[in-house]
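S.K.: Hey, dropping data17.tsv in here, TSV, C-alpha atoms:
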chain	number	residue	atom	x	y	z
A	30	MET	CA	-6.03	15.59	-14.68
A	31	PRO	CA	-2.27	15.41	-14.17
A	32	SER	CA	0.18	14.54	-16.91
A	33	ALA	CA	3.27	12.38	-16.51
A	34	GLU	CA	5.29	15.59	-16.63
A	35	ASP	CA	3.23	17.07	-13.76
A	36	ILE	CA	3.85	13.98	-11.66
A	37	LYS	CA	7.58	14.10	-12.44
A	38	GLN	CA	7.84	17.76	-11.51
A	39	ARG	CA	5.93	17.33	-8.28
A	40	ILE	CA	8.14	14.44	-7.15
A	41	GLU	CA	11.32	16.29	-8.06
A	42	ALA	CA	10.12	19.49	-6.36
A	43	ALA	CA	9.11	17.73	-3.16
A	44	ILE	CA	12.07	15.38	-2.65
A	45	ALA	CA	15.45	17.11	-2.65
A	46	GLY	CA	17.76	15.94	-5.42
A	47	ALA	CA	15.22	13.45	-6.76
A	48	HIS	CA	15.20	12.31	-10.34
A	49	ALA	CA	11.96	10.83	-11.60
A	50	ASP	CA	11.03	9.09	-14.83
A	51	VAL	CA	7.25	8.96	-15.12
A	52	GLU	CA	5.05	7.26	-17.65
A	53	ASP	CA	1.30	7.57	-18.09
A	54	TYR	CA	0.89	3.96	-19.06
A	55	THR	CA	-2.76	4.03	-20.03
A	56	GLY	CA	-2.76	7.53	-21.49
A	57	GLY	CA	-5.77	8.36	-19.32
A	58	GLY	CA	-4.06	10.68	-16.84
A	59	ASP	CA	-4.76	8.46	-13.84
A	60	HIS	CA	-2.41	5.43	-14.09
A	61	PHE	CA	1.25	6.27	-13.79
A	62	SER	CA	4.45	4.39	-13.26
A	63	ALA	CA	7.51	6.15	-11.87
A	64	THR	CA	11.12	5.27	-11.30
A	65	VAL	CA	12.59	7.59	-8.70
A	66	THR	CA	16.17	8.01	-7.54
A	67	ALA	CA	16.89	10.31	-4.61
A	68	PRO	CA	19.63	10.81	-2.01
A	69	ALA	CA	16.85	10.93	0.61
A	70	PHE	CA	16.26	7.20	-0.02
A	71	GLU	CA	19.72	6.30	1.26
A	72	GLY	CA	19.44	3.96	4.24
A	73	LEU	CA	15.64	3.63	3.98
A	74	SER	CA	13.71	0.41	3.38
A	75	ARG	CA	11.70	0.06	0.19
A	76	ILE	CA	8.53	0.66	2.17
A	77	GLU	CA	9.90	3.93	3.56
A	78	GLN	CA	11.13	5.02	0.13
A	79	HIS	CA	7.71	4.40	-1.41
A	80	ARG	CA	5.99	6.21	1.47
A	81	LEU	CA	8.10	9.30	0.77
A	82	VAL	CA	6.88	9.35	-2.82
A	83	TYR	CA	3.25	8.56	-1.94
A	84	ALA	CA	3.36	11.39	0.62
A	85	VAL	CA	3.93	13.88	-2.21
A	86	PHE	CA	0.41	13.15	-3.44
A	87	GLY	CA	-1.49	12.47	-0.22
A	88	ALA	CA	-5.13	11.60	-0.78
A	89	GLU	CA	-4.76	11.95	-4.56
A	90	ILE	CA	-3.36	8.39	-4.51
A	91	GLY	CA	-6.39	6.19	-4.86
A	92	GLY	CA	-8.40	9.26	-5.81
A	93	ALA	CA	-7.55	11.30	-8.90
A	94	ILE	CA	-4.41	9.20	-9.32
A	95	HIS	CA	-5.80	5.69	-9.48
A	96	ALA	CA	-2.41	4.02	-9.58
A	97	LEU	CA	1.18	5.09	-9.16
A	98	ALA	CA	3.45	2.10	-9.70
A	99	LEU	CA	6.83	2.78	-8.13
A	100	LYS	CA	10.40	1.71	-8.39
A	101	THR	CA	12.69	3.58	-6.05
A	102	HIS	CA	16.46	3.53	-5.72
A	103	ALA	CA	19.01	5.22	-3.55
A	104	PRO	CA	21.77	6.68	-5.77
A	105	SER	CA	24.30	4.19	-4.38
A	106	LYS	CA	22.05	1.25	-5.25
A	107	ILE	CA	21.06	1.90	-8.85
A	108	PRO	CA	20.75	-1.49	-10.54
A	109	THR	CA	23.24	-2.10	-13.29
A	110	ASN	CA	21.07	-4.02	-15.75
B	8	MET	CA	-5.36	10.99	6.39
B	9	SER	CA	-3.91	10.93	9.88
B	10	ALA	CA	-4.05	8.02	12.24
B	11	SER	CA	-3.91	10.24	15.28
B	12	GLN	CA	-7.22	9.09	16.77
B	13	SER	CA	-6.40	5.42	16.97
B	14	GLN	CA	-7.00	4.91	20.68
B	15	PRO	CA	-10.13	2.93	21.44
B	16	LEU	CA	-12.57	4.60	23.74
B	17	PRO	CA	-13.60	2.84	26.93
B	18	MET	CA	-16.98	1.17	26.55
B	19	SER	CA	-19.80	3.07	28.16
B	20	ALA	CA	-21.92	0.92	30.45
B	21	ALA	CA	-25.21	2.70	29.79
B	22	GLN	CA	-25.08	2.66	26.03
B	23	PRO	CA	-28.51	2.47	24.41
B	24	ALA	CA	-29.04	0.92	21.00
B	25	PRO	CA	-25.70	1.54	19.32
B	26	ALA	CA	-25.88	4.24	16.68
B	27	PRO	CA	-23.49	4.04	13.74
B	28	THR	CA	-20.34	5.68	15.01
B	29	PRO	CA	-17.82	7.56	12.93
B	30	SER	CA	-14.43	5.91	12.65
B	31	GLU	CA	-12.79	8.57	14.82
B	32	GLU	CA	-14.71	7.43	17.88
B	33	THR	CA	-14.64	3.66	17.92
B	34	ASN	CA	-12.89	1.42	15.53
B	35	PRO	CA	-14.31	-2.09	15.40
B	36	ILE	CA	-13.21	-2.38	11.79
B	37	ARG	CA	-9.69	-1.25	12.52
B	38	ASP	CA	-9.54	-3.60	15.51
B	39	ALA	CA	-10.72	-6.49	13.35
B	40	ILE	CA	-8.08	-5.68	10.74
B	41	ALA	CA	-5.33	-5.51	13.36
B	42	GLN	CA	-6.48	-8.82	14.78
B	43	ALA	CA	-6.51	-10.47	11.36
B	44	ILE	CA	-2.97	-9.23	10.71
B	45	ALA	CA	-1.83	-10.57	14.09
B	46	GLU	CA	-3.48	-13.95	13.58
B	47	HIS	CA	-2.22	-14.80	10.10
B	48	LYS	CA	1.43	-15.23	9.24
B	49	VAL	CA	0.77	-14.23	5.64
B	50	ILE	CA	-2.25	-12.05	4.89
B	51	LEU	CA	-3.10	-10.15	1.75
B	52	PHE	CA	-5.59	-7.29	1.60
B	53	MET	CA	-6.75	-7.11	-1.98
B	54	LYS	CA	-9.49	-6.10	-4.38
B	55	GLY	CA	-11.56	-9.20	-5.11
B	56	THR	CA	-10.57	-12.71	-4.12
B	57	PRO	CA	-7.56	-14.87	-5.02
B	58	GLU	CA	-9.89	-16.83	-7.32
B	59	ALA	CA	-11.32	-13.68	-8.89
B	60	PRO	CA	-9.06	-10.65	-8.39
B	61	ALA	CA	-10.81	-7.38	-9.28
B	62	CYS	CA	-7.68	-5.41	-10.11
B	63	GLY	CA	-4.50	-6.17	-12.05
B	64	PHE	CA	-2.24	-5.21	-9.14
B	65	SER	CA	-4.06	-7.58	-6.79
B	66	ALA	CA	-3.94	-10.30	-9.45
B	67	ARG	CA	-0.19	-9.93	-9.86
B	68	THR	CA	0.42	-10.08	-6.12
B	69	VAL	CA	-1.74	-13.19	-5.74
B	70	ALA	CA	0.11	-14.80	-8.65
B	71	ALA	CA	3.49	-14.22	-6.95
B	72	LEU	CA	2.26	-15.82	-3.72
B	73	GLN	CA	0.65	-18.74	-5.53
B	74	THR	CA	3.80	-19.36	-7.58
B	75	LEU	CA	5.74	-19.69	-4.32
B	76	ASP	CA	3.06	-22.09	-3.08
B	77	VAL	CA	2.64	-20.41	0.31
B	78	PRO	CA	-0.70	-20.51	2.08
B	79	PHE	CA	-2.07	-17.04	2.73
B	80	ALA	CA	-5.18	-15.42	4.11
B	81	ALA	CA	-6.92	-12.92	1.84
B	82	VAL	CA	-9.28	-10.10	2.68
B	83	ASP	CA	-11.37	-8.44	0.00
B	84	VAL	CA	-11.51	-4.69	0.71
B	85	LEU	CA	-14.21	-3.96	-1.85
B	86	PRO	CA	-17.41	-4.91	0.02
B	87	ASP	CA	-17.08	-1.98	2.44
B	88	ALA	CA	-15.12	1.25	1.78
B	89	ARG	CA	-14.33	1.48	5.48
B	90	ILE	CA	-12.07	-1.59	5.28
B	91	ARG	CA	-9.70	0.21	2.96
B	92	GLN	CA	-9.99	3.43	4.93
B	93	GLU	CA	-9.10	1.79	8.23
B	94	LEU	CA	-6.41	-0.44	6.72
B	95	THR	CA	-4.68	2.58	5.21
B	96	ALA	CA	-4.90	4.47	8.50
B	97	LEU	CA	-3.37	1.49	10.27
B	98	SER	CA	-0.61	0.73	7.78
B	99	ASP	CA	0.17	4.25	6.51
B	100	TRP	CA	0.08	2.79	3.01
B	101	PRO	CA	-2.32	4.35	0.48
B	102	THR	CA	-2.83	1.63	-2.10
B	103	ILE	CA	-4.26	-1.86	-2.40
B	104	PRO	CA	-3.03	-4.64	-2.36
B	105	GLN	CA	-1.09	-4.78	0.91
B	106	LEU	CA	0.84	-7.86	1.98
B	107	PHE	CA	1.64	-8.48	5.63
B	108	VAL	CA	4.01	-11.18	6.84
B	109	GLY	CA	4.45	-11.86	10.53
B	110	GLY	CA	2.43	-8.77	11.40
B	111	GLU	CA	4.54	-6.42	9.29
B	112	LEU	CA	3.69	-4.65	6.06
B	113	ILE	CA	5.89	-6.02	3.27
B	114	GLY	CA	4.48	-3.71	0.64
B	115	GLY	CA	2.14	-3.43	-2.28
B	116	CYS	CA	2.28	-4.93	-5.75
B	117	ASP	CA	5.49	-3.15	-6.80
B	118	ILE	CA	7.53	-4.23	-3.79
B	119	VAL	CA	6.10	-7.76	-3.75
B	120	THR	CA	6.89	-8.13	-7.46
B	121	GLU	CA	10.43	-6.80	-6.99
B	122	MET	CA	10.99	-9.11	-4.04
B	123	TYR	CA	9.55	-12.05	-5.94
B	124	GLU	CA	11.90	-11.45	-8.85
B	125	SER	CA	14.94	-11.09	-6.61
B	126	GLY	CA	14.11	-14.15	-4.50
B	127	GLU	CA	13.65	-12.04	-1.35
B	128	LEU	CA	9.95	-12.84	-1.16
B	129	ALA	CA	10.58	-16.57	-0.89
B	130	GLN	CA	13.00	-15.87	1.96
B	131	ALA	CA	10.58	-13.52	3.73
B	132	LEU	CA	7.85	-16.16	3.62
B	133	VAL	CA	9.89	-18.99	5.15
In structure tokens, what does this structure look like?

M.R.:
Amino acid sequence: MPSAEDIKQRIEAAIAGAHADVEDYTGGGDHFSATVTAPAFEGLSRIEQHRLVYAVFGAEIGGAIHALALKTHAPSKIPTN
Amino acid sequence: MSASQSQPLPMSAAQPAPAPTPSEETNPIRDAIAQAIAEHKVILFMKGTPEAPACGFSARTVAALQTLDVPFAAVDVLPDARIRQELTALSDWPTIPQLFVGGELIGGCDIVTEMYESGELAQALV
């Protein structure tokens, strides 16, 4: 069962320059939410950005990882709130 | 995981009683999904129904659409695991719900919620 730290490290290892904040929001090791910023997101649509992150986990999404809620940002488009 | 075998096979003329075929060979479910997406301007694939969503993410996505007062078609993926399997192969999107507008995948709960909050969803649905 992965921890939030595992998820963070896997995202950051797989996507060059990525920074991920990950929370296990039920504490059960299968529902996570992540905010990811990465230069690779520059110029991509939200769908494409999310696909890049989902691709890190392949079939684990919907399997061992029941939910991975995502917010993704290109570094040039970090919201200022 | 791959959608590499998406080409339908030509129908054989001398087919006896049709045996259950694996999804790699023929894809009536995938064809039906593609047709539903083509035929409905706004279509949501979800767990449960808009009246009784079976998952919080589906419920939130339905709520966003209902708040904007747009009519939408809804498909429950739960009755048959193959619906989700074929939908994901078609859309290259691993999670449910999935919202399509004008034949294109808009996203899942996170993107729909973000777009709802920013006003982009209302624009996309016009």

S.K.: Quick one: what's the axis-aligned box for segment 32-44 of chain A, all listed atoms, 6 Å on every side, centre and edges in Å to one decimal, as AutoDock Vina command-line options?

M.R.:
--center_x 6.1 --center_y 15.9 --center_z -9.8 --size_x 23.9 --size_y 19.1 --size_z 26.3

S.K.: What gap, in Å, lies between atom CA of Phe61 of chain A and atom CA of Arg89 of chain B?

M.R.: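 Distance reported for this atom pair: 25.2 Å.
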
S.K.: Based on all atoms listed in the file, which of the residues in chain B come within 10 Å of chain A? I want them as a list in words.

M.R.: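 For chain B, the answer reads Met8, Phe64, Asp99, Trp100, Pro101, Thr102, Ile103, Leu112, Ile113, Gly114, Gly115, Cys116, Asp117, Ile118 and Glu121 of chain B.
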
S.K.: For a test of reading the model, state the distance in Å between atom CA of Gln130 of chain B and atom CA of Phe79 of chain B, rounded to one decimal.

M.R.: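 Separation of atom CA of Gln130 of chain B and atom CA of Phe79 of chain B: 15.1 Å.
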
S.K.: Need to verify the contact set: Asp53 of chain A, 12 Å, only C-alpha atoms, exclusion of same-chain residues closer than 2 positions in sequence. Can you return it as a PDB file with C-alpha atoms, in the coordinates of the input?

M.R.:
ATOM      1  CA  MET A  30      -6.030  15.590 -14.680  1.00  0.00           C
ATOM      2  CA  PRO A  31      -2.270  15.410 -14.170  1.00  0.00           C
ATOM      3  CA  SER A  32       0.180  14.540 -16.910  1.00  0.00           C
ATOM      4  CA  ALA A  33       3.270  12.380 -16.510  1.00  0.00           C
ATOM      5  CA  GLU A  34       5.290  15.590 -16.630  1.00  0.00           C
ATOM      6  CA  ASP A  35       3.230  17.070 -13.760  1.00  0.00           C
ATOM      7  CA  ILE A  36       3.850  13.980 -11.660  1.00  0.00           C
ATOM      8  CA  LYS A  37       7.580  14.100 -12.440  1.00  0.00           C
ATOM      9  CA  ASP A  50      11.030   9.090 -14.830  1.00  0.00           C
ATOM     10  CA  VAL A  51       7.250   8.960 -15.120  1.00  0.00           C
ATOM     11  CA  THR A  55      -2.760   4.030 -20.030  1.00  0.00           C
ATOM     12  CA  GLY A  56      -2.760   7.530 -21.490  1.00  0.00           C
ATOM     13  CA  GLY A  57      -5.770   8.360 -19.320  1.00  0.00           C
ATOM     14  CA  GLY A  58      -4.060  10.680 -16.840  1.00  0.00           C
ATOM     15  CA  ASP A  59      -4.760   8.460 -13.840  1.00  0.00           C
ATOM     16  CA  HIS A  60      -2.410   5.430 -14.090  1.00  0.00           C
ATOM     17  CA  PHE A  61       1.250   6.270 -13.790  1.00  0.00           C
ATOM     18  CA  SER A  62       4.450   4.390 -13.260  1.00  0.00           C
ATOM     19  CA  ALA A  63       7.510   6.150 -11.870  1.00  0.00           C
ATOM     20  CA  ILE A  94      -4.410   9.200  -9.320  1.00  0.00           C
ATOM     21  CA  HIS A  95      -5.800   5.690  -9.480  1.00  0.00           C
ATOM     22  CA  ALA A  96      -2.410   4.020  -9.580  1.00  0.00           C
ATOM     23  CA  LEU A  97       1.180   5.090  -9.160  1.00  0.00           C
ATOM     24  CA  ALA A  98       3.450   2.100  -9.700  1.00  0.00           C
TER      25      ALA A  98
END

S.K.: Tell me which protein, DNA and RNA residues are within 10 Å of Glu46 of chain B, counting all atoms listed in the file, leaving out same-chain ones fewer than 6 positions away, and put them as a list of chain:residue names.

M.R.: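 Counting only the stated atoms, we get B:Ile40, B:Ala80, B:Gly109, B:Gly110.
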
S.K.: Just give me the gap between atom CA of Leu132 of chain B and atom CA of Gln78 of chain A in Å, one decimal is fine.

M.R.: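 Value for the atom CA of Leu132 of chain B-atom CA of Gln78 of chain A distance: 21.7 Å.
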
S.K.: Tell me which of B:Val108, B:Leu128, B:Val119, B:Val69 sits closest to Gly55 of chain B, counting all atoms listed in the file.

M.R.: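 Distance minimum relative to Gly55 of chain B lands on B:Val69.
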
S.K.: Would you kindly return, as a PDB file with C-alpha atoms, in the coordinates of the input, each protein, DNA or RNA residue with an atom no farther than 12 Å from any atom of Gly72 of chain A, considering only C-alpha atoms and excluding same-chain residues fewer than 5 positions away?

M.R.:
ATOM      1  CA  ALA A  67      16.890  10.310  -4.610  1.00  0.00           C
ATOM      2  CA  GLU A  77       9.900   3.930   3.560  1.00  0.00           C
ATOM      3  CA  GLN A  78      11.130   5.020   0.130  1.00  0.00           C
ATOM      4  CA  HIS A 102      16.460   3.530  -5.720  1.00  0.00           C
ATOM      5  CA  ALA A 103      19.010   5.220  -3.550  1.00  0.00           C
ATOM      6  CA  PRO A 104      21.770   6.680  -5.770  1.00  0.00           C
ATOM      7  CA  SER A 105      24.300   4.190  -4.380  1.00  0.00           C
ATOM      8  CA  LYS A 106      22.050   1.250  -5.250  1.00  0.00           C
TER       9      LYS A 106
END

S.K.: Smallest atom-to-atom distance to Leu94 of chain B: which of B:Phe52, B:Arg67, B:Pro57, B:Pro35, using only C-alpha atoms?

M.R.: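 Ranked by minimum distance to Leu94 of chain B, first place goes to B:Phe52.
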
S.K.: From the options A:Gly92, A:Leu81, A:Ser74, A:Phe86, which residue's atoms come nearest to Ala45 of chain A, counting only C-alpha atoms?

M.R.: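 Smallest separation from Ala45 of chain A among the options: A:Leu81.
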